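Visitor: So that we are looking at the same thing, I have put the structure below in structure tokens.
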Amino acid sequence: MTTRRTFLKQASLTGTALAASRFFGGIVSAQSPVARIYVDPMQKIAPLDRKILGSFIEHLGRSVYGGIYEPGSKLSDANGFRKDVLEEIKKMGVPIIRYPGGNFVSGYNWLDGVGPKDKRPVVLDKAWNTIEPNQFGTNEFLQWCRMAGAEPLLGLNLGTGTPEMAAALVEYCNIEKGTKWSDLRRQHGIEKQHNVKSWCLGNEMDGSWQIGHMPAREYGLKARDCANQMRMVDPTLQFIACGSSGPGMQTYLEWDREMLEECYDLVHGISLHCYYRNDNQETGANGDTSKFLAFNLEMEQQIAEVAAVCDYVRARKHSRKRLWLSFDEWNVWYRQRGGDGKRQPAPHLLEEVYNLEDALLVGGFLNSLMRRADRVRVACLAQLVNVIAPITTNPDGLFRQTIYYPYSWALQCARGNVLDLAVDSPDYSVRGMDSRAPYIDASATLDGDSRTISLFILNRDLEKARDVEVVWRDVLPQRVLFSQVLTGQDLKAVNSFENPKKVSPQLFEPPKLGPRTLLQLPARSYTVIQFAS
Ligand code: AHR
């Protein structure tokens, strides 16, 4: 049994995950087999920035072409946008979407993707060895975002691209008229400026695979110049510098420190990426699902480590500014790793098929991101359509992959403030890790406006249902507004066009309300309950 130290009033720890911090410093033992979640509306971690529930669309495989854009399809509108996909994303309420890459962006010339479509060049995208027709570019994406109700998060080419062309793109997007680049946009038929606020200064520039990969200090100087030129065009922008592309990198944290030493004062956030695997690769769980389901605690560890480096640089620079984190690529991804598009347009690449255990872990990641809402302001489930995605299309329609459900529940129910829960849970040992993982992993938000509390709970126990007592402090819920669970016998079950509902949510019998609310959470489950007070 583990009991979080927060519960013992160690306020520096937040959430179950801290309970479980790599894993689980600051934990005391107790004996009851019933887990308890103590909910106190006064114990807030931070306001939830909905942008931590963002996603990502890259020019990669069938994410754009055949995903969100398919001119000539019976399912598309006059712009060529797939109406079914747009409707689905609008309904989900994805708040922010990163575009156009990913690895793609580091060789992308944004000028190829604007202007009359019949004049746009067909190019070879070297990142994915794919033919890029450039029929969908910046203006199409920004129009599509407006229709989807999402804010754009635009990536810049800091590989082959220059700070000058990055600043030109800002001028093209954000200046009303009367300058070279803003007038070019107007010539392209778009009178009103787009006002894009959030920008990624490159992608995974620490990675040897990245086009234009360079040493940390060189990148830091380039990012600095880029931010500087861009803010001269528009001083209201927010910049995200490229942090390490994963904790497995040899230069992990060193890269972050060195590049931040060069550009700290000009940027606002730093990016983190991580993909998790259940195979036998070095960072994989090797088929051990109990271990796999604890990987969201590793995500929290990464957040803590990168935040510590930011704060170190901050202290060394005597800066008043505190950077926030942008976990702008995260997901399960290990089966469809091949990235060779064989010089085809819109090839089937990275079309991972997600099973139940993947969905449970995605629920865990969402819990972790919420618990670190004090520091994480942006996060993107990578990606959104077809490519390592919750939505899969074919020419006739779409289906929802398993991971769609926890993600859409967070989009639907998580709002307001994230609460600092005290979670007291039985735990288990994880092979290859020095600490134990709690069976019950929880997060919660409290929305003062709608007077709702939403609880998100992962039960990592693969064998047994777990009793969880929710202990309410200074609040007494009156009604259950929403209660759903994702579970099943077969952790490897997947959805498909033939069987789109094989893994789908079930009603979680609304619990009896009182000062203590007893929940019986099925084995292998992720449950969301929204209470109204
Ligand atoms: O999301 C797929 C790829 O993973 C992205 O292009 C890249 O940034 C990361 O390595």
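Chain lettering (A, B, ...) mirrors the order of the structure tokens, residue numbering begins at 1 for each chain separately, and ligand numbering begins at 1 in order of display.
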Go through range 454-523 of chain A residue by residue and, counting only C-alpha atoms, keep those with an atom at most 12 Å from range 381-391 of chain A; for each kept residue give the shortest atom pair and its distance in Å to one decimal, ordered by chain and increasing number, as a Markdown table.
Guide:
```
| residue | atom | partner | partner_atom | distance |
| --- | --- | --- | --- | --- |
| A:Val494 | CA | A:Pro390 | CA | 11.8 |
| A:Asn495 | CA | A:Pro390 | CA | 10.6 |
| A:Ser496 | CA | A:Ile391 | CA | 10.6 |
| A:Phe497 | CA | A:Ile391 | CA | 11.2 |
| A:Pro500 | CA | A:Ile391 | CA | 11.1 |
```
Visitor: Could you take the residues named above and write them with C-alpha atoms, as a PDB file, in the first residue's frame?
Guide:
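Final output, result.pdb:
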```
ATOM      1  CA  VAL A 494      -8.595  -3.458 -31.169  1.00  0.00           C
ATOM      2  CA  ASN A 495     -11.181  -1.594 -33.226  1.00  0.00           C
ATOM      3  CA  SER A 496     -11.312  -1.721 -37.015  1.00  0.00           C
ATOM      4  CA  PHE A 497     -13.592  -0.789 -39.909  1.00  0.00           C
ATOM      5  CA  PRO A 500     -15.462  -0.472 -34.911  1.00  0.00           C
TER       6      PRO A 500
END
```
Visitor: Give me the residues within 9 Å of range 252-265 of chain A as a PyMOL selection string, counting only C-alpha atoms and dropping any in the same chain fewer than 2 places off.
Guide: chain A and resi 206+215-225+227+241-250+267-268+270+305-306+309-310+312-314+316-317+319+321+323
Visitor: Within 9 Å of ligand 1, counting only C-alpha atoms and all ligand atoms, which protein or nucleic acid residues do you find, written as a ChimeraX atom specification?
Guide: /A:56-60,101-105,127-128,203-204,207,209-210,245,273-275,329-331,333,339,350,382-383,387-388
Visitor: Kindly give the distance, in Å, that separates CA of His194 in chain A and CA of Ile96 in chain A, rounded to a single decimal.
Guide: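 One can read the CA of His194 in chain A to CA of Ile96 in chain A distance as 14.7 Å.
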Visitor: Could you name the residues that touch Met232 in chain A at 12 Å or less, counting only C-alpha atoms, but leaving out those on the same chain fewer than 4 positions away, as a list in words?
Guide: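 Residues near the query, excluding close chain neighbours: Pro163, Glu164, Ala166, Ala167, Ala168, Val170, Glu171, Asn174, Ile175, Asp225, Cys226, Ala227, Asn228, Thr236, Leu237 and Leu266 of chain A.
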Visitor: Name all residues at most 12 Å from Glu191 in chain A (count only C-alpha atoms; drop same-chain ones fewer than 4 positions away) and give them as a PyMOL selection string.
Guide: chain A and resi 139+172-178+182-187
Visitor: Write out as a count of residues only the set of residues from range 66-304 of chain A that DSSP, computed on the backbone, places in alpha helix (DSSP H).
Guide: 83
Visitor: So, counting only C-alpha atoms, which residue among A:Leu361, A:Ile453, A:Val123, A:Val470 is closest to Gln530 in chain A?
Guide: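 Residue with the minimum atom-to-atom distance to Gln530 in chain A: A:Ile453.
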Visitor: Taking only C-alpha atoms into account, which of A:Asp340, A:Glu151, A:Asp328, A:Asp427 comes nearest Ser198 in chain A?
Guide: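 Result for the nearest residue to Ser198 in chain A: A:Glu151.
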Visitor: Report as a list in words all protein, DNA and RNA residues lying within 10 Å of Gly338 in chain A, evaluated on only C-alpha atoms, omitting residues in the same chain fewer than 3 positions from it.
Guide: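 Non-adjacent residues within range: Trp128, Tyr334, Arg335, Gly341, Leu349, Leu350 and Glu351 of chain A.
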Visitor: Quick one: residues within 8 Å of range 407-415 of chain A, only C-alpha atoms, excluding same-chain residues fewer than 2 positions away - as a PyMOL selection string?
Guide: chain A and resi 48+50+53+92-94+362-363+366+403-405+417-418+444-447+454+528+530
Visitor: Would you output that residue set with N, CA and C atoms, as a PDB file, in the first residue's frame?
Guide:
```pdb
ATOM      1  N   LEU A  48      -6.325  24.502 -15.132  1.00  0.00           N
ATOM      2  CA  LEU A  48      -5.998  23.630 -16.262  1.00  0.00           C
ATOM      3  C   LEU A  48      -5.958  24.478 -17.528  1.00  0.00           C
ATOM      4  N   ARG A  50      -6.359  24.328 -21.111  1.00  0.00           N
ATOM      5  CA  ARG A  50      -6.933  23.305 -22.002  1.00  0.00           C
ATOM      6  C   ARG A  50      -5.970  22.932 -23.121  1.00  0.00           C
ATOM      7  N   LEU A  53      -4.478  19.570 -23.811  1.00  0.00           N
ATOM      8  CA  LEU A  53      -5.241  18.500 -24.468  1.00  0.00           C
ATOM      9  C   LEU A  53      -5.198  18.670 -25.986  1.00  0.00           C
ATOM     10  N   MET A  92     -15.075  16.780 -30.722  1.00  0.00           N
ATOM     11  CA  MET A  92     -14.156  16.450 -29.625  1.00  0.00           C
ATOM     12  C   MET A  92     -13.719  17.720 -28.890  1.00  0.00           C
ATOM     13  N   GLY A  93     -13.594  18.822 -29.657  1.00  0.00           N
ATOM     14  CA  GLY A  93     -13.162  20.084 -29.042  1.00  0.00           C
ATOM     15  C   GLY A  93     -11.665  20.150 -28.804  1.00  0.00           C
ATOM     16  N   VAL A  94     -10.880  19.687 -29.783  1.00  0.00           N
ATOM     17  CA  VAL A  94      -9.410  19.745 -29.652  1.00  0.00           C
ATOM     18  C   VAL A  94      -8.988  21.218 -29.629  1.00  0.00           C
ATOM     19  N   VAL A 362      -2.906   5.632 -22.240  1.00  0.00           N
ATOM     20  CA  VAL A 362      -3.202   7.000 -22.682  1.00  0.00           C
ATOM     21  C   VAL A 362      -4.010   7.730 -21.599  1.00  0.00           C
ATOM     22  N   GLY A 363      -4.931   7.022 -20.968  1.00  0.00           N
ATOM     23  CA  GLY A 363      -5.651   7.609 -19.829  1.00  0.00           C
ATOM     24  C   GLY A 363      -4.667   8.008 -18.739  1.00  0.00           C
ATOM     25  N   LEU A 366      -2.861  11.184 -19.611  1.00  0.00           N
ATOM     26  CA  LEU A 366      -3.708  12.371 -19.419  1.00  0.00           C
ATOM     27  C   LEU A 366      -3.759  12.727 -17.937  1.00  0.00           C
ATOM     28  N   ILE A 403      -7.738   4.526 -28.281  1.00  0.00           N
ATOM     29  CA  ILE A 403      -7.197   5.668 -27.528  1.00  0.00           C
ATOM     30  C   ILE A 403      -8.072   6.919 -27.677  1.00  0.00           C
ATOM     31  N   TYR A 404      -9.000   6.869 -28.619  1.00  0.00           N
ATOM     32  CA  TYR A 404      -9.923   7.997 -28.798  1.00  0.00           C
ATOM     33  C   TYR A 404     -10.660   8.280 -27.478  1.00  0.00           C
ATOM     34  N   TYR A 405     -11.044   7.209 -26.776  1.00  0.00           N
ATOM     35  CA  TYR A 405     -11.988   7.381 -25.668  1.00  0.00           C
ATOM     36  C   TYR A 405     -11.412   8.156 -24.478  1.00  0.00           C
ATOM     37  N   ASN A 417      -9.971  23.991 -12.410  1.00  0.00           N
ATOM     38  CA  ASN A 417      -8.700  23.795 -11.721  1.00  0.00           C
ATOM     39  C   ASN A 417      -8.399  22.313 -11.564  1.00  0.00           C
ATOM     40  N   VAL A 418      -7.122  21.973 -11.642  1.00  0.00           N
ATOM     41  CA  VAL A 418      -6.742  20.595 -11.340  1.00  0.00           C
ATOM     42  C   VAL A 418      -6.580  20.489  -9.827  1.00  0.00           C
ATOM     43  N   ALA A 444      -8.079  14.842 -11.078  1.00  0.00           N
ATOM     44  CA  ALA A 444      -9.419  15.436 -10.983  1.00  0.00           C
ATOM     45  C   ALA A 444      -9.360  16.914 -11.317  1.00  0.00           C
ATOM     46  N   THR A 445     -10.466  17.396 -11.884  1.00  0.00           N
ATOM     47  CA  THR A 445     -10.592  18.842 -12.084  1.00  0.00           C
ATOM     48  C   THR A 445     -11.881  19.325 -11.417  1.00  0.00           C
ATOM     49  N   LEU A 446     -11.839  20.569 -11.001  1.00  0.00           N
ATOM     50  CA  LEU A 446     -13.004  21.204 -10.375  1.00  0.00           C
ATOM     51  C   LEU A 446     -13.329  22.452 -11.174  1.00  0.00           C
ATOM     52  N   ASP A 447     -14.526  22.495 -11.721  1.00  0.00           N
ATOM     53  CA  ASP A 447     -14.931  23.667 -12.485  1.00  0.00           C
ATOM     54  C   ASP A 447     -15.927  24.477 -11.671  1.00  0.00           C
ATOM     55  N   SER A 454     -14.671  16.432 -11.949  1.00  0.00           N
ATOM     56  CA  SER A 454     -14.488  15.251 -12.792  1.00  0.00           C
ATOM     57  C   SER A 454     -13.318  14.444 -12.274  1.00  0.00           C
ATOM     58  N   VAL A 528     -14.157   7.491 -15.985  1.00  0.00           N
ATOM     59  CA  VAL A 528     -14.353   8.928 -15.781  1.00  0.00           C
ATOM     60  C   VAL A 528     -15.724   9.131 -15.162  1.00  0.00           C
ATOM     61  N   GLN A 530     -18.191  12.301 -13.682  1.00  0.00           N
ATOM     62  CA  GLN A 530     -18.356  13.743 -13.442  1.00  0.00           C
ATOM     63  C   GLN A 530     -19.502  13.949 -12.463  1.00  0.00           C
TER      64      GLN A 530
END
```
Visitor: If we count only C-alpha atoms and set the cut-off at 9 Å, which residues sit around Ser326 in chain A, ignoring sequence neighbours fewer than 6 positions away in its own chain? Please answer as a count of residues only.
Guide: 13
